[in-house]
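A.B. asks: Below is the file data_9.cif, which contains mmCIF, N, CA and C atoms.
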```
data_entry
loop_
_atom_site.label_atom_id
_atom_site.label_comp_id
_atom_site.auth_asym_id
_atom_site.auth_seq_id
_atom_site.Cartn_x
_atom_site.Cartn_y
_atom_site.Cartn_z
N MET A 1 0.83 -1.19 0.00
CA MET A 1 0.00 0.00 0.00
C MET A 1 0.86 1.24 0.00
N ASP A 2 2.10 1.13 0.46
CA ASP A 2 2.98 2.29 0.48
C ASP A 2 3.54 2.59 -0.90
N GLY A 3 3.43 1.64 -1.85
CA GLY A 3 4.04 1.83 -3.16
C GLY A 3 3.34 2.85 -4.02
N ILE A 4 2.01 2.85 -4.04
CA ILE A 4 1.27 3.78 -4.88
C ILE A 4 1.02 5.07 -4.12
N LYS A 5 1.44 6.19 -4.72
CA LYS A 5 1.25 7.48 -4.06
C LYS A 5 -0.16 8.01 -4.29
N TYR A 6 -0.51 8.23 -5.56
CA TYR A 6 -1.83 8.77 -5.88
C TYR A 6 -2.14 8.55 -7.35
N ALA A 7 -3.42 8.64 -7.68
CA ALA A 7 -3.87 8.49 -9.06
C ALA A 7 -3.59 9.78 -9.83
N VAL A 8 -3.37 9.64 -11.13
CA VAL A 8 -3.08 10.77 -11.99
C VAL A 8 -4.29 11.02 -12.88
N PHE A 9 -4.74 12.28 -12.95
CA PHE A 9 -5.87 12.65 -13.79
C PHE A 9 -5.43 13.72 -14.78
N THR A 10 -4.93 13.29 -15.92
CA THR A 10 -4.57 14.18 -17.01
C THR A 10 -5.46 13.82 -18.20
N GLU A 11 -5.32 14.58 -19.30
CA GLU A 11 -6.12 14.28 -20.48
C GLU A 11 -5.83 12.87 -20.99
N LYS A 12 -4.56 12.49 -21.01
CA LYS A 12 -4.20 11.17 -21.49
C LYS A 12 -4.72 10.08 -20.56
N SER A 13 -4.58 10.27 -19.24
CA SER A 13 -5.02 9.23 -18.31
C SER A 13 -6.53 9.06 -18.34
N ILE A 14 -7.27 10.13 -18.55
CA ILE A 14 -8.73 10.03 -18.65
C ILE A 14 -9.11 9.31 -19.94
N ARG A 15 -8.37 9.55 -21.03
CA ARG A 15 -8.62 8.84 -22.28
C ARG A 15 -8.32 7.35 -22.13
N LEU A 16 -7.27 7.01 -21.37
CA LEU A 16 -6.90 5.60 -21.16
C LEU A 16 -7.91 4.84 -20.31
N LEU A 17 -8.72 5.55 -19.52
CA LEU A 17 -9.74 4.88 -18.72
C LEU A 17 -10.72 4.12 -19.60
N GLY A 18 -10.94 4.61 -20.83
CA GLY A 18 -11.82 3.92 -21.76
C GLY A 18 -11.27 2.57 -22.20
N ASN A 19 -9.94 2.40 -22.14
CA ASN A 19 -9.28 1.14 -22.48
C ASN A 19 -9.02 0.28 -21.24
N ASN A 20 -9.64 0.64 -20.12
CA ASN A 20 -9.48 -0.08 -18.86
C ASN A 20 -8.03 -0.01 -18.36
N GLN A 21 -7.40 1.18 -18.55
CA GLN A 21 -6.04 1.41 -18.08
C GLN A 21 -6.06 2.54 -17.06
N TYR A 22 -5.39 2.33 -15.93
CA TYR A 22 -5.37 3.30 -14.84
C TYR A 22 -3.95 3.79 -14.62
N THR A 23 -3.80 5.09 -14.42
CA THR A 23 -2.49 5.72 -14.28
C THR A 23 -2.30 6.19 -12.85
N SER A 24 -1.12 5.94 -12.28
CA SER A 24 -0.83 6.42 -10.94
C SER A 24 0.66 6.64 -10.78
N ASN A 25 1.00 7.54 -9.87
CA ASN A 25 2.40 7.76 -9.51
C ASN A 25 2.74 6.83 -8.36
N VAL A 26 3.94 6.25 -8.43
CA VAL A 26 4.37 5.29 -7.41
C VAL A 26 5.73 5.70 -6.89
N GLU A 27 6.18 5.03 -5.84
CA GLU A 27 7.50 5.29 -5.28
C GLU A 27 8.58 4.94 -6.31
N SER A 28 9.69 5.64 -6.27
CA SER A 28 10.75 5.44 -7.26
C SER A 28 11.32 4.03 -7.24
N GLY A 29 11.38 3.41 -6.09
CA GLY A 29 11.98 2.09 -5.98
C GLY A 29 11.02 0.94 -6.20
N SER A 30 9.76 1.22 -6.49
CA SER A 30 8.77 0.17 -6.68
C SER A 30 8.98 -0.54 -8.01
N THR A 31 8.79 -1.85 -8.00
CA THR A 31 8.92 -2.62 -9.23
C THR A 31 7.54 -2.95 -9.77
N ARG A 32 7.51 -3.42 -11.01
CA ARG A 32 6.23 -3.77 -11.65
C ARG A 32 5.54 -4.91 -10.90
N THR A 33 6.30 -5.90 -10.49
CA THR A 33 5.70 -7.04 -9.81
C THR A 33 5.12 -6.65 -8.46
N GLU A 34 5.77 -5.73 -7.75
CA GLU A 34 5.24 -5.25 -6.47
C GLU A 34 3.92 -4.54 -6.67
N ILE A 35 3.85 -3.66 -7.65
CA ILE A 35 2.63 -2.90 -7.90
C ILE A 35 1.51 -3.82 -8.40
N LYS A 36 1.86 -4.79 -9.24
CA LYS A 36 0.86 -5.74 -9.73
C LYS A 36 0.28 -6.54 -8.56
N HIS A 37 1.13 -7.04 -7.70
CA HIS A 37 0.68 -7.82 -6.54
C HIS A 37 -0.18 -6.96 -5.63
N TRP A 38 0.24 -5.72 -5.39
CA TRP A 38 -0.51 -4.83 -4.51
C TRP A 38 -1.88 -4.52 -5.08
N ALA A 39 -1.96 -4.21 -6.40
CA ALA A 39 -3.24 -3.87 -7.02
C ALA A 39 -4.20 -5.06 -7.01
N GLU A 40 -3.69 -6.26 -7.29
CA GLU A 40 -4.54 -7.45 -7.28
C GLU A 40 -5.03 -7.78 -5.87
N LEU A 41 -4.18 -7.58 -4.89
CA LEU A 41 -4.54 -7.89 -3.51
C LEU A 41 -5.50 -6.86 -2.93
N PHE A 42 -5.19 -5.58 -3.11
CA PHE A 42 -5.97 -4.53 -2.48
C PHE A 42 -7.30 -4.28 -3.18
N PHE A 43 -7.30 -4.23 -4.53
CA PHE A 43 -8.52 -3.92 -5.27
C PHE A 43 -9.28 -5.17 -5.72
N GLY A 44 -8.67 -6.34 -5.67
CA GLY A 44 -9.34 -7.57 -6.10
C GLY A 44 -9.57 -7.61 -7.60
N VAL A 45 -8.58 -7.18 -8.39
CA VAL A 45 -8.70 -7.16 -9.86
C VAL A 45 -7.63 -8.05 -10.46
N LYS A 46 -7.75 -8.34 -11.75
CA LYS A 46 -6.75 -9.10 -12.49
C LYS A 46 -6.00 -8.13 -13.40
N VAL A 47 -4.69 -8.07 -13.24
CA VAL A 47 -3.86 -7.17 -14.02
C VAL A 47 -3.29 -7.91 -15.23
N ILE A 48 -3.47 -7.34 -16.42
CA ILE A 48 -2.91 -7.92 -17.65
C ILE A 48 -1.47 -7.46 -17.83
N ALA A 49 -1.26 -6.14 -17.76
CA ALA A 49 0.07 -5.58 -18.02
C ALA A 49 0.29 -4.32 -17.21
N ILE A 50 1.56 -3.99 -17.02
CA ILE A 50 1.93 -2.75 -16.37
C ILE A 50 3.03 -2.09 -17.20
N ASN A 51 2.80 -0.85 -17.59
CA ASN A 51 3.80 -0.05 -18.28
C ASN A 51 4.30 1.01 -17.31
N SER A 52 5.60 1.24 -17.28
CA SER A 52 6.13 2.22 -16.35
C SER A 52 7.17 3.10 -17.03
N HIS A 53 7.29 4.30 -16.53
CA HIS A 53 8.35 5.19 -16.97
C HIS A 53 8.69 6.15 -15.83
N ARG A 54 9.93 6.63 -15.86
CA ARG A 54 10.40 7.55 -14.83
C ARG A 54 10.21 8.97 -15.33
N VAL A 55 9.50 9.78 -14.55
CA VAL A 55 9.25 11.16 -14.91
C VAL A 55 10.35 12.00 -14.28
N PRO A 56 11.08 12.78 -15.08
CA PRO A 56 12.18 13.57 -14.52
C PRO A 56 11.67 14.71 -13.64
N GLY A 57 12.50 15.10 -12.68
CA GLY A 57 12.15 16.21 -11.80
C GLY A 57 12.25 17.53 -12.53
N LYS A 58 11.57 18.54 -12.03
CA LYS A 58 11.57 19.85 -12.64
C LYS A 58 12.66 20.71 -12.01
N GLY A 59 13.20 21.62 -12.79
CA GLY A 59 14.20 22.56 -12.28
C GLY A 59 13.55 23.63 -11.43
N ARG A 60 14.17 23.95 -10.33
CA ARG A 60 13.68 25.00 -9.44
C ARG A 60 14.84 25.91 -9.08
N ARG A 61 14.62 27.20 -9.24
CA ARG A 61 15.65 28.17 -8.90
C ARG A 61 15.42 28.69 -7.49
N MET A 62 16.50 28.68 -6.69
CA MET A 62 16.47 29.25 -5.34
C MET A 62 17.54 30.33 -5.29
N GLY A 63 17.16 31.53 -5.71
CA GLY A 63 18.13 32.62 -5.82
C GLY A 63 19.08 32.32 -6.97
N PRO A 64 20.39 32.44 -6.74
CA PRO A 64 21.33 32.18 -7.83
C PRO A 64 21.59 30.69 -8.05
N ILE A 65 21.10 29.85 -7.17
CA ILE A 65 21.38 28.41 -7.25
C ILE A 65 20.23 27.70 -7.95
N MET A 66 20.58 26.86 -8.91
CA MET A 66 19.57 26.08 -9.62
C MET A 66 19.46 24.70 -8.98
N GLY A 67 18.27 24.36 -8.51
CA GLY A 67 18.04 23.05 -7.92
C GLY A 67 17.04 22.28 -8.76
N HIS A 68 16.52 21.19 -8.23
CA HIS A 68 15.52 20.41 -8.95
C HIS A 68 14.69 19.61 -7.95
N THR A 69 13.49 19.25 -8.39
CA THR A 69 12.64 18.40 -7.57
C THR A 69 13.02 16.95 -7.84
N MET A 70 12.58 16.06 -6.98
CA MET A 70 12.91 14.66 -7.13
C MET A 70 12.14 14.05 -8.30
N HIS A 71 12.75 13.06 -8.94
CA HIS A 71 12.04 12.33 -9.99
C HIS A 71 11.13 11.28 -9.33
N TYR A 72 10.17 10.81 -10.11
CA TYR A 72 9.26 9.79 -9.61
C TYR A 72 8.90 8.87 -10.75
N LYS A 73 8.24 7.78 -10.42
CA LYS A 73 7.88 6.77 -11.40
C LYS A 73 6.36 6.78 -11.60
N ARG A 74 5.94 6.65 -12.84
CA ARG A 74 4.52 6.59 -13.18
C ARG A 74 4.23 5.26 -13.84
N MET A 75 3.15 4.61 -13.40
CA MET A 75 2.79 3.31 -13.96
C MET A 75 1.38 3.36 -14.52
N ILE A 76 1.21 2.70 -15.68
CA ILE A 76 -0.09 2.55 -16.31
C ILE A 76 -0.48 1.07 -16.15
N ILE A 77 -1.54 0.82 -15.40
CA ILE A 77 -1.97 -0.54 -15.08
C ILE A 77 -3.14 -0.91 -15.99
N THR A 78 -2.99 -1.99 -16.75
CA THR A 78 -4.04 -2.47 -17.64
C THR A 78 -4.75 -3.66 -16.97
N LEU A 79 -6.07 -3.56 -16.87
CA LEU A 79 -6.86 -4.60 -16.22
C LEU A 79 -7.59 -5.45 -17.26
N GLN A 80 -7.95 -6.66 -16.85
CA GLN A 80 -8.74 -7.52 -17.72
C GLN A 80 -10.13 -6.92 -17.89
N PRO A 81 -10.77 -7.18 -19.04
CA PRO A 81 -12.14 -6.67 -19.23
C PRO A 81 -13.07 -7.20 -18.15
N GLY A 82 -13.96 -6.32 -17.70
CA GLY A 82 -14.90 -6.69 -16.64
C GLY A 82 -14.45 -6.25 -15.25
N TYR A 83 -13.18 -5.90 -15.08
CA TYR A 83 -12.67 -5.42 -13.80
C TYR A 83 -12.50 -3.91 -13.86
N SER A 84 -12.61 -3.26 -12.71
CA SER A 84 -12.37 -1.82 -12.64
C SER A 84 -11.92 -1.47 -11.23
N ILE A 85 -11.23 -0.34 -11.14
CA ILE A 85 -10.77 0.18 -9.85
C ILE A 85 -11.71 1.33 -9.48
N PRO A 86 -12.26 1.35 -8.27
CA PRO A 86 -13.15 2.45 -7.89
C PRO A 86 -12.38 3.76 -7.85
N PRO A 87 -13.07 4.88 -7.99
CA PRO A 87 -12.39 6.18 -7.94
C PRO A 87 -11.66 6.36 -6.63
N LEU A 88 -10.46 6.90 -6.71
CA LEU A 88 -9.66 7.10 -5.51
C LEU A 88 -9.95 8.41 -4.82
N ILE A 89 -10.59 9.33 -5.53
CA ILE A 89 -10.94 10.63 -4.95
C ILE A 89 -12.46 10.70 -4.83
N GLU A 90 -12.93 10.95 -3.63
CA GLU A 90 -14.37 11.07 -3.42
C GLU A 90 -14.78 12.52 -3.61
N LYS A 91 -15.96 12.71 -4.17
CA LYS A 91 -16.49 14.05 -4.40
C LYS A 91 -16.98 14.62 -3.07
N ARG A 92 -16.53 15.84 -2.79
CA ARG A 92 -16.97 16.50 -1.55
C ARG A 92 -18.24 17.28 -1.82
N THR A 93 -19.09 17.32 -0.81
CA THR A 93 -20.35 18.05 -0.97
C THR A 93 -20.31 19.38 -0.27
#
```
Go ahead and express the file in the form of structure tokens.
C.D. replies:
Amino acid sequence: MDGIKYAVFTEKSIRLLGNNQYTSNVESGSTRTEIKHWAELFFGVKVIAINSHRVPGKGRRMGPIMGHTMHYKRMIITLQPGYSIPPLIEKRT
């Protein structure tokens, strides 16, 4: 449960929901097998495939010194047809 940080909602990730693919940011050291096992155990779904890529950190200037934010890993989880992950963000009233 510590591996997945939060779900990502961008134009691409919303488009991928139609293909039963869910996008989330995970810890940098997490592996595909760890995330697959966690998703199947916690959500009770069957995972077909996991695609991952490392998103580079952004540059941040602090006065004359140029720094950067930490990089992180993003995974796209593809589920078998008929399975779905419930929304991770609840609508507030």
A.B. asks: Which distance in Å separates atom CA of Gly67 of chain A and atom N of Gly29 of chain A, to one decimal?
C.D. replies: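 Going from atom CA of Gly67 of chain A over to atom N of Gly29 of chain A, I get 20.8 Å.
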A.B. asks: I need the residues of chain A that end up classed as strand (DSSP E) by DSSP on the backbone, written out as JSON, numbers by chain.
C.D. replies: {"A": [4, 5, 6, 7, 21, 22, 23, 24, 25, 26, 47, 48, 49, 50, 51, 52, 53, 54, 55, 59, 60, 61, 62, 65, 66, 67, 68, 72, 73, 74, 75, 76, 77, 78, 79]}
A.B. asks: Could you give me, as a list in words, the residues within 7 Å of His53 of chain A, counting only C-alpha atoms and dropping anything in the same chain fewer than 3 positions from it?
C.D. replies: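 The filter keeps Lys73, Arg74 and Met75 of chain A.
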A.B. asks: Separation of atom CA of Phe42 of chain A and atom CA of Gln21 of chain A, in Å?
C.D. replies: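 Here the two named atoms are 16.7 Å from each other.
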A.B. asks: Decode the PyMOL selection byres (((chain A and resi 79 and name CA) around 8) and name CA) for the given file into explicit residues and return them as an MDAnalysis selection string.
C.D. replies: chainID A and resid 20:21 45:49 77:78 80:81 83:84
A.B. asks: In Å, with one decimal, what is the gap from atom CA of Leu17 of chain A to atom C of Ile85 of chain A?
C.D. replies: 10.1 Å
A.B. asks: Go through A:Pro86, A:His71, A:Ile76, A:Lys58 and flag the residue nearest Tyr22 of chain A, using only N, CA and C atoms for the distances.
C.D. replies: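 Comparing A:Pro86, A:His71, A:Ile76, A:Lys58 against Tyr22 of chain A, the winner is A:Ile76.
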A.B. asks: Excluding segment 2-15 of chain A and any residue of its chain fewer than 5 positions from it, enumerate the residues within 7 Å of it, using only C-alpha atoms, and give them as a ChimeraX atom specification.
C.D. replies: /A:22-27,30,35,88
A.B. asks: Let's see if you can do this: from backbone DSSP, list all alpha helix (DSSP H) residues in chain A, as number ranges by chain.
C.D. replies: A: 11-16, 32-43
A.B. asks: Taking all atoms of segment 3-12 of chain A that the file lists and extending 8 Å past them on each side, where is the centre of the axis-aligned box and how long are its edges? Answer in Å to one decimal, as JSON.
C.D. replies:
```
{"center_x": -1.0, "center_y": 8.1, "center_z": -11.7, "size_x": 26.2, "size_y": 28.9, "size_z": 35.6}
```
A.B. asks: With distances taken over only C-alpha atoms, which residue among A:Asn19, A:Pro56, A:Asn51, A:Tyr72 lies nearest Arg32 of chain A?
C.D. replies: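 The closest residue to Arg32 of chain A is A:Asn51.
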